[in-house]
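> Below you'll find the structure I mean.
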Amino acid sequence: MKSKYAPDRRAFLRSSVAGSMLMPGIVHQLLADSNDPLAERQPHFQAKAKRVIFLFMTGGVSHVDTFDPKPELTRDHGKEINADHPEIKDRPGYERIYLKRPQWEFAPHGKCGTEVSTLFPHVAGCVDDIAMIRSMHTSHSNHYNATLGMHTGSFTFSRPSLGAWVSYGLGTMNRNLPGFVVIAPRQTYAGTQVYASDFLPGAHQGTLVVPGSTPVANVTPQISQDRQKLELAAIRAMNARHLESRNDDALLSARMQSFETAFGMQMAVPEAFDLGGESDQTLQNYGLQRGQTSGFGWQCLAARRLVERGVRFVELIDTGSSGNWDAHGDMMSHIGLAKNVDQPIAALLKDLKQSGMLEDTLVVWTTEFGRTPFNNTADAKGREHHPWAFTSWLAGAGVKPGIVHGATDEHGLRAVEKPVHVHDFHATILHLMGFDHEQLAYRHAGRDYRLTDVEGQVVSDILA
Amino acid sequence: MIFSRTFNACTVLCTMILCSLPTQRTTGAPDDTFFEKQVRPLLVKRCYKCHSGTKTSGSLALDSRAGWQRGGESGPAIMPGQPESSLLVQAINYDGLEMPPNKAGGKLSDAEIAILTKWVKLGANDPRTKSVRHGGMSSEQARSWWAFQSLPKLTEPVAPQEIDRFVDASLKTRSLVKSSPADRRTLIRRATYDLTGLPPTPEDVDRFVSDESDDAFAKVIDRLLASPQYGVKWGRHWLDVVRYADTAGENTDRPLPHAWRYRNWVIDSFNHDLPFDQFVRMQLAGDLLQLNDKTIADGDGIIATGYLAIARRFGHDIDKDIHLMHEDVIDNVGKNFLGLSIGCARCHDHKYDPLTAEDYYALYGIFSSTRFAFPGCEPNGQPRDLVPLLTQAEIDSRTNAWRQRNEKAVAEKKRLAESSDSMRTTIRELAAKSSRLLAESKVDEGASVSFVDSKSVALDQLPLKKGEILQLTVSPNASHGADTTLVEWEISETSGPRRTWSVADFISTLTDGNPRTFDDGSSWSFLDVTDGPVFLTEKKDVVAERSDLNAWSLGDTPSVLVNRSTEPIKVWTTLPPRSFFVHPGVNRNVAVAWVCPGDMTVTVKGRVADSHPAGGDGVAFRLDHIAAEKAGPALVELGMLASSPDIFVEPQPSIPVAYAVVEGSVADACLHQRGDPEQPGDAVPRRWLSIFGGEPVPSEAGSGRRQLGDWIVGHPLSARVMVNRIWQWHLGRGLVSTPNDFGARGERPSHPELLDWLAAAFRESGYSVKSMHRLIMLTDAYRRSSEVSDSSATDDADNRYLSRFARRRLNAEEIRDSLLAAGNNLDTSPAEAHPFPAEATWNFTQHNPFSAVYTTSKRSAFLMVQRQRRDPYLALFDGADPNASTAVRQRTTVPTQALYFMNAPFVHEQAAGFARRLLAADVPNDHARVQLAFRLLYQRQPTPAEVEHGAVFLEQYPGSDDEKWAAWSRVLITANEFLYLD
């Protein structure tokens, strides 16, 4: 194969390798136009929040046992009540229902004095940074529908997820990482629909990360980096020749560019998920052993690292569609589930605060619905699905810290004071990101679609 | 409560629309009373069918004052006060024109003629001055809406040049320059992907390039249209639009094991060029059509209605949310066949298009009168209403033949099962009445407990009667692993012959029987006693590959086991020599029962020891005396029944079924006020859309699906919508760029006359899709190169006016199929059913929904499409949305796709396969190998520079030849040239 031209050909190869192909931080001038769904964009108005960490507790967390203290519920334990409740309608054995007391003690915490139960001792230590919404309510009592609704604003149909809307509205800050990342040990209810881009451009769909040694699909090279560089250089050379006779077609250039980004992602993604450089103290704060690659502590620390690196929206799902907070059988299962998330969440909040990132990062904690403050006997160990009332909280960028917003009635049955529907919650999150939720729309199949459908009111009381 | 929020806005909207509707009731003038009571009903009954809405025969509308004032082709219809000069009055008297004509019911009665004449004479007072609204349009707007107009009559023969005439004229008015014709290699690559989704072979390319005949390209098209791969590609286009999926989409996303028959029928229909009008009718009412049409192959009519059945299901209990399924059906029927968003009229009249909520519920009634196959859901687990593909007579003959062949065996089997059950009941009842606990203890991990050490009654003087039972039961505690339990147990007479019985007696002969019976009348039985005695019937003469270990069991456990060797045997634990063991199962208790052979007094001795101290929590045992003389013989008899040879019964003949629909109980549906099924309004008669005439479903016609099919294909809109899709799938963009929306919110056509012409040509061809391919592909417009001229780049940036061919990325299926083909791993034979788990095993819940990805080397159109958990590959490369009609695929370019090409094992496998192919090729040298690679992947010869670069790469790249060529193969299949079509 040797020929007298060999040195020149080697030079050609070397120059390709050393060329822009593999240089990090390339200016994406080729893509800086409307064809690029990920180009960074300005929101409708100036806002503090640049990124979101969305903590989703799967299965329905009992509000009256965690963040919504109800002494009257303890007082009236065993008292029969009436309620036209979707979960007991026509259900045999549920002809009569009785109030059931909370099983954990509440105490005021922090300077603000927000009460939290003993299930969340660590989060209790952060209440001065938290705006607690005790008047949440939703439109469906089924996991599937309520989970879909909390993520997409639609309780029935596939629609783009909140994370996809934020990515669509703001674009990405780091092309070496996906703009919307979902870290989940297992799929939650409604499957991939909860992080789908649906009719929004596919670039905005959530990238699923499953905790473990290779969290993102296809980022692990099958060959050595040297070999990969040779191949990519050759591909670039071929593509350059191909492009030459094709009027510099922007789509062809965009695909060439995508390999540069992908090459970067091969390093950036594992680097982002490699906790090896974190101090012992940090690992300890999150409740992690060195080398551990799973657990909610890992998810929280990975989330902090992702937002540090410019990922726009990170969602953490704590469990999956089974073995979760769905405590029909025994409320005691809340102990383990709370223990799984409490310390990591507090560590995440403190970490973000310490580094100053809480200033422009919005942290959202929620579940799909609450749990009934009653059951068909007062001694029943579990609680049922409860769409009428639950608690969610926000912390960080643009959020008024150390407050409680809204309230349920004395037994935690209904959100009575300043009720906040899921659509309102979404409108508020979008507002905190700098969007008018009525303007953030996408034309599809002949009409404009919004995250909040035709609903939603910003909860201005919790804005800082 | 649940609905209140969702429908607030709808309420406002509905109210607004309702307020804007014209008030039909009038006040004051007595003349109105005459009009309202006599004239209007008569006009509605006898004239509206042809002279209202968009149906305006002779351009005459009689549904408004403006309508008759303007008149039709023959001039104003009424001269107020002058009946004799009024065309309308002349026509109803059959004076000149004859209206209504015979086909519309014939001449009016004298009384009716008198009413209209009187009305005209009195001045033709007509309060219908406000325009009548149909949903979002006035009837005038709707009547003149471009997409609803009738198709032109073609005067010239249908030819590709006609299309170019339209296109060229449009280019000329915009001073756009056409690109030059594409070269032949580009053209055959384009055409082959376009029609089959696969690349052409080098031989195909050579033949075309060297074919100098005038019809060379026409021959290529004909060859491709004759390939069965054509249907795979074009069937998949259709499956996009009908949002085909292999799962139901309700909360557990159940598999649809029979949906594939519809998928394959679609593919076959394209291959056979089934006329499109029949294709539409079949999908809506094939089950009804096949009753009278012998040209429809057996079962195809039923299978075709899979189109309706694959509608997405919603919620936890599908039946409770069935109105959402119906919406999905109506929405798809509207978009798919008519380019109308009828689904929008569920809660209120359409905001922009001439569609009312009544229209929606008129169609709703047609579908609610239809029985849809039911896929199962969490509260109603098993599928039902699947439609058999055989006639009842065929089913009967199959099942009868089976029944006859197996009658005896089935009866015998049943009899045995019944006597076993009754025996078991007897034993259980006897035991319940007479059982006495003798000893009981927990045996801790690794411990040994003797009967006397346990809490027990005196065991040295135990009176027994013949037929009574002593039973030792061992249970697993909470942890059921590692519970191999040693049992020693001896029973000895205290007087008389002083016989003894022991489990040690039959260590060498355990598997001789269960029950193990002896001549003296005693016997030992080995049982699972969790739900009454069940004999351990699986005989094992070899355990853990050791023939000196023998056992009786049910599955692995529960079991009774012996080591009959004189040596300890080391298997999962060390089993001491000449020993007898039991092992309980997962929540299953194992027992050994001894039947007493006579009346006697005995001493019982023994111990129970945990022989496998490997974590866990040991076992527990109890020893019972069942003091009933009938219990023993009954137990032995039960054992004999259990060990009698199994009676063979053939499996029932399987009846092929389709996931399809049939007629249901026929009834009109009630309007759901504001879309809420809990708030029913008036029943709406089943009928066609009012704007298209509102023809009712005839009584006795069943659901009306057959009529709906006829109405749809009878309207020019359906031809317009389909030719627009065909155009788009060839040229990348529809003449109407919103192919599912031909209404007010859709885009107007870029070439309106061309669209009409194409629709007319389609109709003239007898709705032959293949003839449309020939027509479109033989135009100059299709055969242009994708080069962009300066004017084209600026003034026709999105190629709306077809100044060039639009370069495109291969779609998800084409990419995967091309990779498989390159790797020599593609199986082009059609696939059938997916390897779903058997229906009987389904226990999917919303907590544990169905989820699977099946690998296959078949074409990608046959990949299993799941609704809730999208196939990750199809999601990555913009596959169709299985939850909504996909009229246009997205074409994104994102880094995760690049990562797929760089690192996915699938890509590396196909590249390695391609490299092996190159290395095995019968070519003289590497130079020729490089040429072959270009020809296979890009359908062209490499340039000398490219050959050189290939050589350099191969030289530079480290590793073996296999590695070098695999690497270079990856380069070629990753390059843009492989992925883009010029």
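Convention: chains lettered A, B, ... in structure tokens order; per-chain residue numbering from 1; ligands numbered from 1 as shown.
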Mind listing the strand (DSSP E) residues of stretch 46-141 of chain B, per DSSP on the backbone, as a list in words?

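Those residues are Ser52, Lys55, Thr56, Arg133, His134, Met137 and Ser138 of chain B.
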
> Based on only C-alpha atoms, which of the residues in chain A come within 7 Å of chain B? I want them as a PDB file with C-alpha atoms, in the first residue's frame.


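Contents of the output file out26.pdb:
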```
ATOM      1  CA  MET A   1       0.000   0.000   0.000  1.00  0.00           C
ATOM      2  CA  ARG A   9      -1.568  11.668   2.839  1.00  0.00           C
ATOM      3  CA  SER A 139     -57.921  16.495  38.283  1.00  0.00           C
ATOM      4  CA  HIS A 140     -57.622  12.751  38.532  1.00  0.00           C
ATOM      5  CA  TYR A 144     -51.436   7.119  35.385  1.00  0.00           C
ATOM      6  CA  TYR A 189     -46.640   5.661  35.507  1.00  0.00           C
ATOM      7  CA  ALA A 190     -47.465   6.486  31.871  1.00  0.00           C
ATOM      8  CA  GLY A 191     -43.957   5.474  30.838  1.00  0.00           C
ATOM      9  CA  THR A 192     -41.924   7.562  28.438  1.00  0.00           C
ATOM     10  CA  GLN A 193     -44.864   9.921  27.906  1.00  0.00           C
ATOM     11  CA  GLY A 202     -37.540  15.758  19.058  1.00  0.00           C
ATOM     12  CA  ALA A 203     -34.433  17.522  20.351  1.00  0.00           C
ATOM     13  CA  ASN A 218     -24.499   4.863  23.382  1.00  0.00           C
ATOM     14  CA  VAL A 219     -22.016   7.167  25.130  1.00  0.00           C
ATOM     15  CA  THR A 220     -19.486   4.427  25.731  1.00  0.00           C
ATOM     16  CA  PRO A 221     -17.125   4.138  22.774  1.00  0.00           C
ATOM     17  CA  GLN A 222     -16.778   0.634  21.408  1.00  0.00           C
ATOM     18  CA  GLU A 231     -12.700   7.368  11.901  1.00  0.00           C
ATOM     19  CA  ALA A 234     -12.248  10.309   7.736  1.00  0.00           C
ATOM     20  CA  ILE A 235     -15.995  10.834   8.067  1.00  0.00           C
ATOM     21  CA  MET A 238     -15.946  12.473   3.241  1.00  0.00           C
ATOM     22  CA  ASN A 239     -18.733  14.738   4.434  1.00  0.00           C
ATOM     23  CA  HIS A 242     -20.024  15.574  -0.163  1.00  0.00           C
ATOM     24  CA  ARG A 246     -24.286  20.444  -2.394  1.00  0.00           C
ATOM     25  CA  ASN A 247     -24.364  24.198  -1.831  1.00  0.00           C
ATOM     26  CA  LEU A 252     -25.825  18.296   6.020  1.00  0.00           C
ATOM     27  CA  ALA A 254     -25.821  20.291  11.003  1.00  0.00           C
ATOM     28  CA  ARG A 255     -25.306  16.556  10.941  1.00  0.00           C
ATOM     29  CA  SER A 258     -23.712  16.798  15.570  1.00  0.00           C
ATOM     30  CA  PHE A 259     -20.748  14.423  15.521  1.00  0.00           C
ATOM     31  CA  THR A 261     -21.132  17.432  19.858  1.00  0.00           C
ATOM     32  CA  ALA A 262     -21.492  13.685  20.204  1.00  0.00           C
ATOM     33  CA  SER A 321     -44.462   2.495  39.041  1.00  0.00           C
ATOM     34  CA  SER A 322     -44.245  -0.050  41.864  1.00  0.00           C
ATOM     35  CA  GLY A 446     -54.173  23.392  13.305  1.00  0.00           C
ATOM     36  CA  VAL A 454     -56.692  26.801  28.490  1.00  0.00           C
TER      37      VAL A 454
END
```

> Report as a list in words all protein, DNA and RNA residues lying within 10 Å of stretch 84-93 of chain A, evaluated on only C-alpha atoms, omitting residues in the same chain fewer than 5 positions from it.

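With the cut-off at 10 Å, the set is His140, Ser141, Asn142, Thr372, Asn375, Asn376, Thr377, Glu384, His385, His386, Pro387, Trp388 and Leu413 of chain A; Met1 and Ile2 of chain B.
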
> Kindly export the residues of the current selection with C-alpha atoms, as a CSV table (one decimal), in the first residue's frame.


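In the end it all went to selection_17.csv:
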```csv
chain,number,residue,atom,x,y,z
A,140,HIS,CA,-57.6,12.8,38.5
A,141,SER,CA,-57.3,10.1,41.2
A,142,ASN,CA,-55.5,7.5,39.0
A,372,THR,CA,-56.9,10.3,52.0
A,375,ASN,CA,-60.2,5.2,55.4
A,376,ASN,CA,-63.0,2.7,55.6
A,377,THR,CA,-62.0,1.9,59.2
A,384,GLU,CA,-56.1,5.9,49.5
A,385,HIS,CA,-55.5,8.2,46.5
A,386,HIS,CA,-56.5,11.8,47.1
A,387,PRO,CA,-56.7,14.3,44.3
A,388,TRP,CA,-58.4,16.9,46.4
A,413,LEU,CA,-59.6,16.8,53.0
B,1,MET,CA,-65.4,18.1,40.7
B,2,ILE,CA,-63.0,16.4,38.4
```

> Residues near B:Thr603, anyone? I mean within 6 Å using only C-alpha atoms, not counting same-chain ones fewer than 4 positions away, as a compact mmCIF listing (two decimals) with C-alpha atoms, in the first residue's frame.


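And here's selection_39.txt as it stands now:
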```txt
# COMPACT_ATOMS: atom_id res chain seq x y z
CA LEU B 459 -45.69 -40.54 72.28
CA ASP B 460 -44.78 -43.83 73.90
CA GLN B 461 -48.27 -45.32 74.28
CA ILE B 491 -43.20 -46.13 64.62
CA SER B 492 -43.10 -49.33 66.66
```

> So which residues touch stretch 52-60 of chain A within 7 Å, counting only C-alpha atoms, skipping near sequence neighbours fewer than 6 positions away, as JSON, numbers by chain?

{"A": [143, 188, 312, 313, 314, 315, 316, 317, 318, 319, 320, 324, 325, 326, 361, 362, 363, 364, 365, 366, 367, 368, 369, 370, 371, 385]}

> Give me, as a CSV table (one decimal) with C-alpha atoms, in the first residue's frame, all polymer residues having an atom no more than 10 Å from stretch 685-702 of chain B, counting only C-alpha atoms and skipping those fewer than 2 positions away in the same chain.


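Result saved to part-v1.csv:
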```
chain,number,residue,atom,x,y,z
B,48,TYR,CA,-82.5,21.3,1.2
B,49,LYS,CA,-81.0,17.9,0.3
B,50,CYS,CA,-79.8,19.4,-3.0
B,51,HIS,CA,-79.9,23.1,-2.3
B,52,SER,CA,-78.4,23.8,1.0
B,53,GLY,CA,-75.0,23.8,2.8
B,54,THR,CA,-72.4,23.0,0.2
B,55,LYS,CA,-74.8,21.0,-1.8
B,56,THR,CA,-76.0,23.6,-4.3
B,133,ARG,CA,-73.7,29.0,10.4
B,134,HIS,CA,-72.2,25.6,10.3
B,135,GLY,CA,-69.8,25.6,13.2
B,139,SER,CA,-73.0,28.4,4.9
B,142,ALA,CA,-68.5,26.7,3.6
B,143,ARG,CA,-70.2,26.4,0.3
B,148,PHE,CA,-65.2,21.1,-0.9
B,288,LEU,CA,-70.2,-5.7,6.1
B,342,ILE,CA,-63.9,16.7,13.4
B,354,PRO,CA,-68.0,24.1,9.2
B,355,LEU,CA,-68.5,21.3,11.7
B,356,THR,CA,-70.9,21.1,14.6
B,358,GLU,CA,-74.1,17.5,16.3
B,359,ASP,CA,-72.0,16.4,13.4
B,360,TYR,CA,-69.6,14.8,15.9
B,361,TYR,CA,-72.4,13.0,17.7
B,362,ALA,CA,-74.0,11.9,14.5
B,363,LEU,CA,-70.8,10.0,13.7
B,364,TYR,CA,-70.4,9.0,17.3
B,365,GLY,CA,-73.6,7.1,17.0
B,366,ILE,CA,-72.2,5.2,14.1
B,367,PHE,CA,-69.2,4.0,16.1
B,369,SER,CA,-73.4,1.2,17.3
B,370,THR,CA,-70.3,-0.9,16.5
B,663,GLU,CA,-72.0,-4.4,14.2
B,664,GLY,CA,-73.0,-3.7,17.8
B,665,SER,CA,-76.4,-2.8,19.2
B,666,VAL,CA,-77.6,0.0,16.9
B,667,ALA,CA,-78.7,3.3,18.5
B,668,ASP,CA,-78.2,7.0,18.0
B,669,ALA,CA,-75.9,8.6,20.5
B,670,CYS,CA,-76.8,11.5,22.7
B,682,ASP,CA,-80.7,15.0,22.9
B,683,ALA,CA,-80.0,12.0,20.8
B,704,GLY,CA,-74.1,3.2,9.2
B,705,ARG,CA,-70.4,2.3,8.7
B,706,ARG,CA,-71.0,1.1,5.2
B,707,GLN,CA,-72.8,4.4,4.3
B,708,LEU,CA,-70.1,6.4,6.0
B,711,TRP,CA,-70.1,9.1,1.7
B,712,ILE,CA,-66.4,9.6,2.4
B,715,HIS,CA,-66.8,13.3,-1.7
```

> Taking only C-alpha atoms into account, name the residue in B:Ala91, B:Val452, B:Val888, B:Val571 that is nearest to B:Asp240.

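Ranked by minimum distance to B:Asp240, first place goes to B:Val888.
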
> Going by DSSP on the backbone, which bits of stretch 597-646 of chain B are alpha helix (DSSP H)? Write them as a VMD selection string, please.

chain B and resid 631 to 643

> For B:Ala760, find every residue with an atom within 9 Å (counting only C-alpha atoms), except residues of its own chain fewer than 4 positions away, and show them as number ranges by chain.

B: 151-154, 716, 719-720, 755-756, 764-765

> Could you tell me how far atom CA of B:Arg312 lies from atom CA of B:Leu874, in Å and to one decimal?

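Separating atom CA of B:Arg312 from atom CA of B:Leu874 is a distance of 19.0 Å.
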
> Figure out the distance between atom CA of A:Arg75 and atom CA of A:Phe374, please, to one decimal in Å.

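Atom CA of A:Arg75 lies 13.2 Å from atom CA of A:Phe374.
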
> Work out how far apart atom CA of B:Asn292 and atom CA of B:Lys103 are and give it in Å to one decimal.

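Interatomic distance here is 25.0 Å.
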
> Using only C-alpha atoms, which residue out of A:Val210, A:Leu162, A:Val64, A:Ile223 lies closest to A:Leu148?

A:Leu162
